[in-house]
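Shown next, in structure tokens, is the structure this report addresses.
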Amino acid sequence: MLHTVNKSPFERNAFKGCLARAQKDSVILLFEDAVYAAIKGTTIESVTVRATQDFKVCVLGPDLKARGYDEGHVVEGVTVVDYGDFVDMVVAYGPVVAWL
Amino acid sequence: MPEIEGVENTGGVIKKFLYLNSKAPYGTVYALEVLEMILISAAFEQDVHVAFVDDGVYQIKRGHDTKGIEMKSFLPTYRALEGYDIEKLYVEKESMEERGLRAEDFIVPVTVTNRLAMSHLIASMDVVLGG
């Protein structure tokens with residue numbers, strides 16, 4: 001299963017809802033406003049760090065850059081991917097569960 | 001499953017569909033859109049499952065009176081799903097209890113499922129559509 005999250009963890013429950021119900025070793029991709037969950041130094045950081053122990057967590061690079069961040073700002077253990085990787089992940093790990 | 005005029009059953013593959021409701025009704029359009037999808041899938045003879053988690057459990061709480069907000073209540077539609085053979089409804093126990101609800105508070109018969117079982121249910125599906 002590939003779980004995608006696209007809402008800010010500060011505004012919505014989508015990221016936590018995903019973490020509570022994804023099976024161990026699932027792949028989670030953070031994109032659009034969910035990229036804020038991948039950034040170091042926030043009150044959500046500890047949640048994301050813990051998530052990297054149970055899941056493969058990825059974040060979409062173009063959405064990071066659009067919001068003024070790059071790989072250096074990303075929590076350790078979170079992988080930055082591009083659109084091509086996103087497509088490959090859907091093929092490799094689908095079906096997709098979109099947490100909105 | 002009711003026959004629909006002009007639509008031929010081509011004997012296609014039956015997939016396991018899960019509609020995952022996680023939003024409260026009326027405040028946003030998510031709940032209504034998911035319900036529309038459920039009704040559409042009823043026409044395609046798929047193996048439909050409907051789950052309610054987080055604020056989604058409020059969607060099927062008894063007693064919605066929507067006259068004052070000039071919106072259509074969802075409850076009659078949910079009650080009608082049985083007529084389309086959509087009877088696999090699941091409510092997450094933790095979400096229900098956090099909101100002070102019990103299984104008797106829902107308008108339709110549901111299977112109360114804990115969060116772990118819900119994660120297994122999600123993982124066992126061919127298609128998951130959330131909202």
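Scheme for the structure tokens: letters A, B, ... for chains in order shown; per-chain residue numbers from 1; ligand numbers from 1 in order shown.
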>> Write out as JSON, numbers by chain the set of residues from range 46-123 of chain B that DSSP, computed on the backbone, places in strand (DSSP E).
In response: {"B": [47, 48, 49, 50, 51, 52, 88, 89, 90, 91, 92, 111, 112, 113]}
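Within 7 Å of range 6-15 of chain A, once only C-alpha atoms are used and residues closer than 2 positions along the same chain are dropped, the contacting residues are A:Thr4, A:Gly17, A:Cys18, A:Leu19, A:Leu30, A:Phe31, A:Glu32, A:Asp33, A:Ala34, A:Tyr36, A:Ala37, A:Trp99, A:Leu100.
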> Near His73 in chain A, within 9 Å and counting only C-alpha atoms, which residues show up once chain neighbours fewer than 5 positions away are dropped, as a count of residues only?
Replying inline: 4
Per residue of chain B within 9 Å of chain A, what are the shortest atom pair and its distance in Å to one decimal, counting only C-alpha atoms, with rows by chain and residue number, as a tab-separated table?
residue	atom	partner	partner_atom	distance
B:Ser22	CA	A:Leu100	CA	8.6
B:Val53	CA	A:Gly17	CA	8.6
B:Asp54	CA	A:Gly17	CA	7.7
B:Arg115	CA	A:Arg21	CA	6.7
B:Leu116	CA	A:Arg21	CA	7.1
B:Met118	CA	A:Arg21	CA	6.9
B:Ser119	CA	A:Arg21	CA	4.7
B:His120	CA	A:Gln23	CA	7.4
B:Ile122	CA	A:Arg21	CA	8.0
B:Ala123	CA	A:Met1	CA	6.7
B:Met125	CA	A:Pro95	CA	8.1
B:Asp126	CA	A:Pro95	CA	6.3
B:Val127	CA	A:Pro95	CA	6.1
B:Val128	CA	A:Val97	CA	5.6
B:Leu129	CA	A:Val97	CA	6.8
B:Gly130	CA	A:Ala98	CA	6.1
B:Gly131	CA	A:Leu100	CA	6.1
File of the preceding selection, N, CA and C atoms, as a PDB file, in the first residue's frame:
ATOM      1  N   SER B  22     -13.740  10.088   6.618  1.00  0.00           N
ATOM      2  CA  SER B  22     -13.045  10.597   7.800  1.00  0.00           C
ATOM      3  C   SER B  22     -13.437  12.033   8.154  1.00  0.00           C
ATOM      4  N   VAL B  53     -14.156   6.616  10.053  1.00  0.00           N
ATOM      5  CA  VAL B  53     -13.102   6.844  11.046  1.00  0.00           C
ATOM      6  C   VAL B  53     -13.053   8.344  11.365  1.00  0.00           C
ATOM      7  N   ASP B  54     -12.379   8.664  12.474  1.00  0.00           N
ATOM      8  CA  ASP B  54     -12.265  10.070  12.903  1.00  0.00           C
ATOM      9  C   ASP B  54     -13.659  10.731  12.879  1.00  0.00           C
ATOM     10  N   ARG B 115      -8.989  -0.125  15.836  1.00  0.00           N
ATOM     11  CA  ARG B 115      -8.099   0.553  14.886  1.00  0.00           C
ATOM     12  C   ARG B 115      -7.170  -0.445  14.181  1.00  0.00           C
ATOM     13  N   LEU B 116      -6.727  -1.449  14.909  1.00  0.00           N
ATOM     14  CA  LEU B 116      -5.833  -2.442  14.302  1.00  0.00           C
ATOM     15  C   LEU B 116      -6.566  -3.209  13.198  1.00  0.00           C
ATOM     16  N   MET B 118      -9.083  -2.166  11.604  1.00  0.00           N
ATOM     17  CA  MET B 118      -9.336  -1.215  10.512  1.00  0.00           C
ATOM     18  C   MET B 118      -8.122  -1.148   9.591  1.00  0.00           C
ATOM     19  N   SER B 119      -6.930  -1.160  10.166  1.00  0.00           N
ATOM     20  CA  SER B 119      -5.727  -1.102   9.325  1.00  0.00           C
ATOM     21  C   SER B 119      -5.611  -2.365   8.466  1.00  0.00           C
ATOM     22  N   HIS B 120      -6.026  -3.509   9.014  1.00  0.00           N
ATOM     23  CA  HIS B 120      -6.021  -4.744   8.209  1.00  0.00           C
ATOM     24  C   HIS B 120      -7.052  -4.664   7.087  1.00  0.00           C
ATOM     25  N   ILE B 122      -8.171  -1.967   5.585  1.00  0.00           N
ATOM     26  CA  ILE B 122      -7.666  -1.064   4.548  1.00  0.00           C
ATOM     27  C   ILE B 122      -6.651  -1.799   3.667  1.00  0.00           C
ATOM     28  N   ALA B 123      -5.752  -2.520   4.334  1.00  0.00           N
ATOM     29  CA  ALA B 123      -4.663  -3.184   3.607  1.00  0.00           C
ATOM     30  C   ALA B 123      -5.165  -4.319   2.708  1.00  0.00           C
ATOM     31  N   MET B 125      -7.760  -4.267   0.724  1.00  0.00           N
ATOM     32  CA  MET B 125      -8.602  -3.779  -0.372  1.00  0.00           C
ATOM     33  C   MET B 125      -7.838  -3.640  -1.697  1.00  0.00           C
ATOM     34  N   ASP B 126      -8.585  -3.702  -2.809  1.00  0.00           N
ATOM     35  CA  ASP B 126      -7.990  -3.428  -4.118  1.00  0.00           C
ATOM     36  C   ASP B 126      -7.996  -1.927  -4.423  1.00  0.00           C
ATOM     37  N   VAL B 127      -9.039  -1.269  -3.963  1.00  0.00           N
ATOM     38  CA  VAL B 127      -9.176   0.171  -4.227  1.00  0.00           C
ATOM     39  C   VAL B 127      -9.669   0.835  -2.943  1.00  0.00           C
ATOM     40  N   VAL B 128      -9.006   1.918  -2.538  1.00  0.00           N
ATOM     41  CA  VAL B 128      -9.455   2.675  -1.363  1.00  0.00           C
ATOM     42  C   VAL B 128      -9.691   4.115  -1.797  1.00  0.00           C
ATOM     43  N   LEU B 129     -10.908   4.600  -1.583  1.00  0.00           N
ATOM     44  CA  LEU B 129     -11.247   5.987  -1.925  1.00  0.00           C
ATOM     45  C   LEU B 129     -11.630   6.707  -0.648  1.00  0.00           C
ATOM     46  N   GLY B 130     -10.864   7.715  -0.311  1.00  0.00           N
ATOM     47  CA  GLY B 130     -11.090   8.398   0.950  1.00  0.00           C
ATOM     48  C   GLY B 130     -11.736   9.745   0.782  1.00  0.00           C
ATOM     49  N   GLY B 131     -12.138  10.305   1.891  1.00  0.00           N
ATOM     50  CA  GLY B 131     -12.697  11.650   1.883  1.00  0.00           C
ATOM     51  C   GLY B 131     -13.201  11.984   3.251  1.00  0.00           C
TER      52      GLY B 131
END
>> As an exercise, work out the distance from CA of Glu45 in chain B to CA of Pro76 in chain B in Å and give it to one decimal place.
In response: 21.6 Å
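For the choices A:Val87, A:Val5, A:Val35, A:Ala92, the atom-to-atom distance to Val59 in chain A is smallest for A:Val35 when using only C-alpha atoms.
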Any idea what's packed within 10 Å of Ile38 in chain B, counting only C-alpha atoms, ignoring anything in its chain fewer than 2 positions away? Could you give it as a PDB file with N, CA and C atoms, in the first residue's frame?
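Wrote selection-v3.pdb, looks like this:
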ATOM      1  N   PHE B  17     -13.689  -2.731  -3.001  1.00  0.00           N
ATOM      2  CA  PHE B  17     -13.636  -1.274  -2.855  1.00  0.00           C
ATOM      3  C   PHE B  17     -13.867  -0.910  -1.399  1.00  0.00           C
ATOM      4  N   LEU B  18     -13.089   0.056  -0.914  1.00  0.00           N
ATOM      5  CA  LEU B  18     -13.363   0.617   0.411  1.00  0.00           C
ATOM      6  C   LEU B  18     -13.545   2.122   0.281  1.00  0.00           C
ATOM      7  N   TYR B  19     -14.669   2.595   0.767  1.00  0.00           N
ATOM      8  CA  TYR B  19     -14.896   4.036   0.871  1.00  0.00           C
ATOM      9  C   TYR B  19     -14.615   4.428   2.312  1.00  0.00           C
ATOM     10  N   LEU B  32     -20.497  14.173   1.304  1.00  0.00           N
ATOM     11  CA  LEU B  32     -21.492  14.044   0.230  1.00  0.00           C
ATOM     12  C   LEU B  32     -20.866  13.419  -1.012  1.00  0.00           C
ATOM     13  N   GLU B  33     -19.639  13.831  -1.333  1.00  0.00           N
ATOM     14  CA  GLU B  33     -18.966  13.299  -2.532  1.00  0.00           C
ATOM     15  C   GLU B  33     -18.686  11.807  -2.385  1.00  0.00           C
ATOM     16  N   VAL B  34     -18.293  11.378  -1.192  1.00  0.00           N
ATOM     17  CA  VAL B  34     -18.047   9.948  -0.987  1.00  0.00           C
ATOM     18  C   VAL B  34     -19.351   9.170  -1.138  1.00  0.00           C
ATOM     19  N   LEU B  35     -20.423   9.712  -0.584  1.00  0.00           N
ATOM     20  CA  LEU B  35     -21.720   9.042  -0.700  1.00  0.00           C
ATOM     21  C   LEU B  35     -22.134   8.914  -2.170  1.00  0.00           C
ATOM     22  N   GLU B  36     -21.868   9.942  -2.954  1.00  0.00           N
ATOM     23  CA  GLU B  36     -22.156   9.876  -4.400  1.00  0.00           C
ATOM     24  C   GLU B  36     -21.348   8.750  -5.045  1.00  0.00           C
ATOM     25  N   ILE B  40     -22.652   5.354  -7.048  1.00  0.00           N
ATOM     26  CA  ILE B  40     -22.197   5.015  -8.400  1.00  0.00           C
ATOM     27  C   ILE B  40     -21.669   3.582  -8.427  1.00  0.00           C
ATOM     28  N   SER B  41     -20.867   3.233  -7.419  1.00  0.00           N
ATOM     29  CA  SER B  41     -20.274   1.893  -7.427  1.00  0.00           C
ATOM     30  C   SER B  41     -21.348   0.820  -7.288  1.00  0.00           C
ATOM     31  N   ALA B  42     -22.481   1.184  -6.680  1.00  0.00           N
ATOM     32  CA  ALA B  42     -23.573   0.212  -6.536  1.00  0.00           C
ATOM     33  C   ALA B  42     -24.054  -0.265  -7.902  1.00  0.00           C
ATOM     34  N   ALA B  43     -23.886   0.582  -8.913  1.00  0.00           N
ATOM     35  CA  ALA B  43     -24.345   0.226 -10.256  1.00  0.00           C
ATOM     36  C   ALA B  43     -23.366  -0.709 -10.966  1.00  0.00           C
ATOM     37  N   VAL B  48     -18.368  -3.758  -2.292  1.00  0.00           N
ATOM     38  CA  VAL B  48     -18.239  -2.444  -1.655  1.00  0.00           C
ATOM     39  C   VAL B  48     -18.206  -2.541  -0.133  1.00  0.00           C
ATOM     40  N   HIS B  49     -17.226  -1.860   0.443  1.00  0.00           N
ATOM     41  CA  HIS B  49     -17.112  -1.715   1.898  1.00  0.00           C
ATOM     42  C   HIS B  49     -17.108  -0.222   2.209  1.00  0.00           C
ATOM     43  N   VAL B  50     -17.730   0.153   3.299  1.00  0.00           N
ATOM     44  CA  VAL B  50     -17.750   1.562   3.698  1.00  0.00           C
ATOM     45  C   VAL B  50     -17.273   1.644   5.145  1.00  0.00           C
ATOM     46  N   TYR B  78     -28.200   6.865   3.421  1.00  0.00           N
ATOM     47  CA  TYR B  78     -27.478   5.764   4.074  1.00  0.00           C
ATOM     48  C   TYR B  78     -28.404   4.601   4.390  1.00  0.00           C
ATOM     49  N   LEU B  81     -28.924   2.300   1.390  1.00  0.00           N
ATOM     50  CA  LEU B  81     -27.814   1.526   0.806  1.00  0.00           C
ATOM     51  C   LEU B  81     -28.067   0.023   0.857  1.00  0.00           C
ATOM     52  N   TYR B  84     -29.261  -1.575  -2.122  1.00  0.00           N
ATOM     53  CA  TYR B  84     -28.279  -1.756  -3.199  1.00  0.00           C
ATOM     54  C   TYR B  84     -27.249  -2.816  -2.825  1.00  0.00           C
ATOM     55  N   ILE B  86     -25.402  -2.881  -0.313  1.00  0.00           N
ATOM     56  CA  ILE B  86     -24.213  -2.333   0.357  1.00  0.00           C
ATOM     57  C   ILE B  86     -24.459  -2.423   1.858  1.00  0.00           C
ATOM     58  N   LEU B 129     -10.908   4.600  -1.583  1.00  0.00           N
ATOM     59  CA  LEU B 129     -11.247   5.987  -1.925  1.00  0.00           C
ATOM     60  C   LEU B 129     -11.630   6.707  -0.648  1.00  0.00           C
TER      61      LEU B 129
END
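What separates CA of Ala80 in chain B from CA of Asp105 in chain B is a distance of 17.4 Å.
Our summary of the geometry notes that CA of Ile14 in chain B is positioned 27.5 Å from CA of Asp25 in chain A.
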